[in-house]
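Engineer: Structure supplied as data.cif; contents: mmCIF, C-alpha atoms.
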data_model
#
loop_
_atom_site.label_atom_id
_atom_site.label_comp_id
_atom_site.auth_asym_id
_atom_site.auth_seq_id
_atom_site.Cartn_x
_atom_site.Cartn_y
_atom_site.Cartn_z
CA MET R 1 59.62 84.98 -35.47
CA LYS R 2 56.27 85.02 -33.73
CA PHE R 3 56.89 88.06 -31.48
CA GLN R 4 59.25 90.05 -33.71
CA ASN R 5 59.53 93.63 -32.39
CA HIS R 6 56.74 93.13 -29.83
CA ILE R 7 57.41 94.75 -26.47
CA VAL R 8 56.88 92.09 -23.80
CA TRP R 9 56.78 93.08 -20.12
CA ILE R 10 57.42 90.19 -17.74
CA THR R 11 57.09 90.72 -14.00
CA GLY R 12 59.12 88.46 -11.74
CA ALA R 13 61.70 87.98 -14.49
CA SER R 14 64.71 87.69 -12.20
CA SER R 15 64.31 83.93 -11.67
CA GLY R 16 62.17 80.87 -12.21
CA ILE R 17 59.37 80.91 -14.73
CA GLY R 18 59.75 84.62 -15.46
CA LEU R 19 63.41 84.25 -16.36
CA HIS R 20 62.69 81.33 -18.68
CA LEU R 21 59.77 83.16 -20.29
CA ALA R 22 61.98 86.17 -20.96
CA LYS R 23 64.50 83.95 -22.76
CA ALA R 24 61.77 82.16 -24.73
CA PHE R 25 60.06 85.38 -25.84
CA ALA R 26 63.45 86.85 -26.81
CA LYS R 27 64.15 83.81 -29.02
CA GLU R 28 60.85 84.57 -30.77
CA GLY R 29 62.00 88.11 -31.55
CA ALA R 30 60.39 89.98 -28.66
CA ILE R 31 61.97 93.01 -27.03
CA ILE R 32 61.95 92.14 -23.34
CA ALA R 33 61.03 94.56 -20.56
CA ALA R 34 62.17 92.41 -17.64
CA SER R 35 61.05 93.57 -14.21
CA ALA R 36 61.57 92.43 -10.64
CA ARG R 37 63.03 93.70 -7.39
CA ARG R 38 66.41 92.00 -7.79
CA MET R 39 68.18 94.23 -10.31
CA ALA R 40 71.48 92.34 -10.31
CA LEU R 41 69.70 89.18 -11.46
CA LEU R 42 67.75 91.16 -14.09
CA GLU R 43 70.98 92.68 -15.43
CA ALA R 44 72.46 89.18 -15.78
CA LEU R 45 69.35 88.11 -17.72
CA VAL R 46 69.56 91.17 -19.98
CA LEU R 47 73.23 90.42 -20.72
CA GLU R 48 72.44 86.79 -21.53
CA ILE R 49 69.62 87.76 -23.91
CA LYS R 50 71.85 90.30 -25.64
CA GLN R 51 74.64 87.74 -26.00
CA GLU R 52 72.13 85.49 -27.76
CA GLY R 53 71.31 88.27 -30.22
CA GLY R 54 68.12 89.52 -28.56
CA PHE R 55 67.23 92.75 -26.85
CA ALA R 56 66.13 93.29 -23.26
CA GLN R 57 66.12 96.00 -20.65
CA ALA R 58 65.79 95.71 -16.87
CA PHE R 59 63.20 97.69 -14.91
CA PHE R 60 62.75 97.74 -11.14
CA CYS R 61 59.26 96.73 -10.05
CA ASP R 62 57.87 95.60 -6.72
CA VAL R 63 54.35 94.29 -7.48
CA MET R 64 53.41 94.75 -3.82
CA ASP R 65 53.80 98.52 -4.25
CA GLU R 66 51.26 100.21 -6.54
CA GLN R 67 53.49 103.24 -7.18
CA SER R 68 56.32 100.92 -8.23
CA ILE R 69 54.07 99.17 -10.76
CA GLU R 70 52.81 102.48 -12.15
CA LYS R 71 56.38 103.83 -12.45
CA CYS R 72 57.58 100.64 -14.11
CA MET R 73 54.81 100.82 -16.72
CA HIS R 74 55.62 104.49 -17.33
CA ASP R 75 59.35 103.71 -17.70
CA ILE R 76 58.67 100.88 -20.16
CA VAL R 77 56.50 103.11 -22.36
CA GLN R 78 59.11 105.87 -22.14
CA ALA R 79 61.81 103.42 -23.23
CA PHE R 80 59.92 101.62 -26.01
CA GLY R 81 56.91 103.75 -26.89
CA LYS R 82 54.39 100.94 -26.49
CA LEU R 83 53.49 97.64 -24.85
CA ASP R 84 52.28 94.58 -26.76
CA VAL R 85 52.26 91.80 -24.15
CA CYS R 86 52.19 91.80 -20.35
CA VAL R 87 52.99 88.59 -18.50
CA ALA R 88 51.98 89.07 -14.86
CA ASN R 89 54.25 86.35 -13.51
CA ALA R 90 55.58 87.71 -10.20
CA GLY R 91 54.39 85.63 -7.30
CA GLY R 92 55.26 83.51 -4.35
CA GLY R 93 53.82 81.48 -1.53
CA VAL R 94 53.91 80.94 2.18
CA MET R 95 55.49 77.79 3.50
CA GLY R 96 54.89 75.92 6.71
CA LYS R 97 52.17 74.35 8.77
CA ILE R 98 48.90 76.24 8.61
CA GLU R 99 48.76 76.40 12.42
CA LYS R 100 52.02 78.34 12.49
CA LEU R 101 51.37 80.83 9.66
CA SER R 102 50.39 84.34 10.66
CA ALA R 103 47.78 86.63 9.18
CA ASP R 104 50.62 88.85 7.96
CA GLU R 105 52.10 85.93 5.99
CA TRP R 106 48.73 85.20 4.37
CA ASP R 107 48.17 88.91 3.67
CA ARG R 108 51.59 89.11 1.98
CA GLN R 109 50.74 86.17 -0.26
CA LEU R 110 47.40 87.75 -1.15
CA ARG R 111 49.04 91.10 -1.95
CA LEU R 112 51.72 89.41 -4.03
CA ASN R 113 49.60 86.93 -5.99
CA VAL R 114 46.24 88.68 -6.27
CA THR R 115 46.57 92.40 -5.66
CA GLY R 116 49.92 92.59 -7.48
CA LEU R 117 48.41 90.81 -10.48
CA ALA R 118 45.36 93.08 -10.54
CA LEU R 119 47.46 96.24 -10.26
CA THR R 120 49.83 95.05 -12.98
CA ALA R 121 46.81 94.58 -15.24
CA LYS R 122 45.38 97.96 -14.18
CA TYR R 123 48.48 99.81 -15.40
CA ALA R 124 49.19 97.59 -18.42
CA LEU R 125 45.69 97.48 -19.91
CA PRO R 126 45.54 101.09 -21.18
CA GLU R 127 48.80 100.52 -23.08
CA LEU R 128 47.75 97.07 -24.29
CA ARG R 129 44.50 98.49 -25.65
CA LYS R 130 46.52 100.88 -27.83
CA THR R 131 48.28 97.93 -29.52
CA ASN R 132 45.52 95.31 -29.25
CA GLY R 133 47.97 93.54 -26.97
CA ARG R 134 47.53 90.82 -24.38
CA ASN R 135 47.69 90.48 -20.61
CA TRP R 136 48.60 87.00 -19.41
CA ARG R 137 48.70 85.56 -15.93
CA LEU R 138 50.84 82.50 -15.63
CA CYS R 139 51.45 80.29 -12.65
CA THR R 140 53.46 81.78 -9.83
CA SER R 141 57.02 80.96 -8.99
CA ASP R 142 57.95 78.24 -6.57
CA ASN R 143 60.09 80.86 -4.85
CA SER R 144 58.57 81.99 -1.57
CA SER R 145 60.72 85.12 -1.45
CA GLY R 146 58.44 86.92 -3.91
CA LYS R 147 60.27 88.50 -6.83
#
Would you kindly transcribe this structure into structure tokens?
Structural biologist:
Amino acid sequence: MKFQNHIVWITGASSGIGLHLAKAFAKEGAIIAASARRMALLEALVLEIKQEGGFAQAFFCDVMDEQSIEKCMHDIVQAFGKLDVCVANAGGGVMGKIEKLSADEWDRQLRLNVTGLALTAKYALPELRKTNGRNWRLCTSDNSSGK
């Protein structure tokens, strides 16, 4: 298995691409640190991965809140002792006609898709350097609610 015993943190793992990535990494032997805001959905994912013979744990993380990202990274290292892969997947978009979208809606998208990504990398990189790990940014979800 390609990721046997690697600790893989996936933001936005409660649905969409993040959820499917968590399942795929688990099938490759990874230990999944699944994070998002929606804990009930994360717990369902963790149960499904465990039923398939893998291992996962849910961690609350709101990538629009720097303290939440920092705490999540701390909790993952406390739980597993290391981090091998970080998939900065949490994201979302604004929907509607450009004439009707507010500055606050655009600012939210920027915080979610750019600042959230950068802060996830900021807190993951020191741990990834310890393991020669990787930080990946994948495409964002098609879910405008953020994750």
Engineer: Can you list, as a VMD selection string, every protein, DNA or RNA residue that comes within 6 Å of stretch 111-118 of chain R when you count all atoms listed in the file, leaving out same-chain residues fewer than 4 positions away?
Structural biologist: chain R and resid 63 to 64 88 91
Engineer: If you count all atoms listed in the file, which residues fall within 12 Å of R:His74, apart from same-chain ones fewer than 3 positions away, as an mmCIF file with C-alpha atoms, keeping the file's coordinate frame?
Structural biologist:
data_model
loop_
_atom_site.group_PDB
_atom_site.id
_atom_site.type_symbol
_atom_site.label_atom_id
_atom_site.label_comp_id
_atom_site.auth_asym_id
_atom_site.auth_seq_id
_atom_site.Cartn_x
_atom_site.Cartn_y
_atom_site.Cartn_z
ATOM 1 C CA TRP R 9 56.780 93.080 -20.120
ATOM 2 C CA ALA R 33 61.030 94.560 -20.560
ATOM 3 C CA PHE R 59 63.200 97.690 -14.910
ATOM 4 C CA PHE R 60 62.750 97.740 -11.140
ATOM 5 C CA CYS R 61 59.260 96.730 -10.050
ATOM 6 C CA GLN R 67 53.490 103.240 -7.180
ATOM 7 C CA SER R 68 56.320 100.920 -8.230
ATOM 8 C CA ILE R 69 54.070 99.170 -10.760
ATOM 9 C CA GLU R 70 52.810 102.480 -12.150
ATOM 10 C CA LYS R 71 56.380 103.830 -12.450
ATOM 11 C CA VAL R 77 56.500 103.110 -22.360
ATOM 12 C CA GLN R 78 59.110 105.870 -22.140
ATOM 13 C CA ALA R 79 61.810 103.420 -23.230
ATOM 14 C CA PHE R 80 59.920 101.620 -26.010
ATOM 15 C CA GLY R 81 56.910 103.750 -26.890
ATOM 16 C CA LYS R 82 54.390 100.940 -26.490
ATOM 17 C CA LEU R 83 53.490 97.640 -24.850
ATOM 18 C CA THR R 120 49.830 95.050 -12.980
ATOM 19 C CA TYR R 123 48.480 99.810 -15.400
ATOM 20 C CA ALA R 124 49.190 97.590 -18.420
ATOM 21 C CA PRO R 126 45.540 101.090 -21.180
ATOM 22 C CA GLU R 127 48.800 100.520 -23.080
#
Engineer: Can you list, as a list in words, every protein, DNA or RNA residue that comes within 8 Å of stretch 36-46 of chain R when you count all atoms listed in the file, leaving out same-chain residues fewer than 3 positions away?
Structural biologist: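 In the requested form, the answer reads Thr11, Gly12, Ala13, Ser14, Ser15, Leu19, Ile49, Lys50, Phe55, Ala56, Gln57, Ala58, Phe59, Phe60, Cys61, Asp62, Ala90 and Lys147 of chain R.
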Engineer: Just C-alpha atoms for this one: save the residues we selected as an mmCIF file, keeping the file's coordinate frame.
Structural biologist:
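Saved result, selection.cif, follows:
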data_model
loop_
_atom_site.group_PDB
_atom_site.id
_atom_site.type_symbol
_atom_site.label_atom_id
_atom_site.label_comp_id
_atom_site.auth_asym_id
_atom_site.auth_seq_id
_atom_site.Cartn_x
_atom_site.Cartn_y
_atom_site.Cartn_z
ATOM 1 C CA THR R 11 57.090 90.720 -14.000
ATOM 2 C CA GLY R 12 59.120 88.460 -11.740
ATOM 3 C CA ALA R 13 61.700 87.980 -14.490
ATOM 4 C CA SER R 14 64.710 87.690 -12.200
ATOM 5 C CA SER R 15 64.310 83.930 -11.670
ATOM 6 C CA LEU R 19 63.410 84.250 -16.360
ATOM 7 C CA ILE R 49 69.620 87.760 -23.910
ATOM 8 C CA LYS R 50 71.850 90.300 -25.640
ATOM 9 C CA PHE R 55 67.230 92.750 -26.850
ATOM 10 C CA ALA R 56 66.130 93.290 -23.260
ATOM 11 C CA GLN R 57 66.120 96.000 -20.650
ATOM 12 C CA ALA R 58 65.790 95.710 -16.870
ATOM 13 C CA PHE R 59 63.200 97.690 -14.910
ATOM 14 C CA PHE R 60 62.750 97.740 -11.140
ATOM 15 C CA CYS R 61 59.260 96.730 -10.050
ATOM 16 C CA ASP R 62 57.870 95.600 -6.720
ATOM 17 C CA ALA R 90 55.580 87.710 -10.200
ATOM 18 C CA LYS R 147 60.270 88.500 -6.830
#
Engineer: To one decimal place in Å, what is the distance between atom CA of R:Lys130 and atom CA of R:Ile32?
Structural biologist: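 According to the coordinates, atom CA of R:Lys130 and atom CA of R:Ile32 are separated by 18.3 Å.
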Engineer: Mind giving me the straight-line distance from atom CA of R:Thr131 to atom CA of R:Val85 in Å, one decimal?
Structural biologist: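 A separation of 9.1 Å between them.
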Engineer: I need the residue nearest R:Leu119 from this list: R:Val94, R:Ile17, R:Met73, R:Ala24. Use all atoms listed in the file for the distance.
Structural biologist: R:Met73
Engineer: Just so the selection is clear, what residues does the PyMOL selection byres ((chain R and resi 1) around 9) cover here, as a list of chain:residue names?
Structural biologist: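 Applying the PyMOL selection byres ((chain R and resi 1) around 9) to the structure shown produces R:Lys2, R:Phe3, R:Gln4, R:Lys27, R:Glu28, R:Gly29, R:Ala30.
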Engineer: So the first atom is atom CA of R:Asp107 and the second is atom CA of R:Gly93; what is the distance between them in Å, to one decimal place?
Structural biologist: 10.7 Å
Engineer: Considering all atoms listed in the file, state which residue in the set R:Gln109, R:Asn132, R:Gln51, R:Asn89 is at the smallest distance from R:Ala34.
Structural biologist: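 The shortest atom-to-atom distance to R:Ala34 comes from R:Asn89.
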Engineer: Of the residues R:Gly92, R:Glu66, R:Gly133, R:Glu48, which is the one nearest to R:Gly16, using only C-alpha atoms?
Structural biologist: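 Looking only at the distances to R:Gly16, the closest residue turns out to be R:Gly92.
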Engineer: Mind working out the centre and edge lengths of an axis-aligned box for stretch 55-70 of chain R, all listed atoms inside, 5 Å added to each side, rounded to one decimal in Å and written as JSON?
Structural biologist:
{"center_x": 59.2, "center_y": 98.0, "center_z": -15.3, "size_x": 26.0, "size_y": 20.5, "size_z": 33.0}
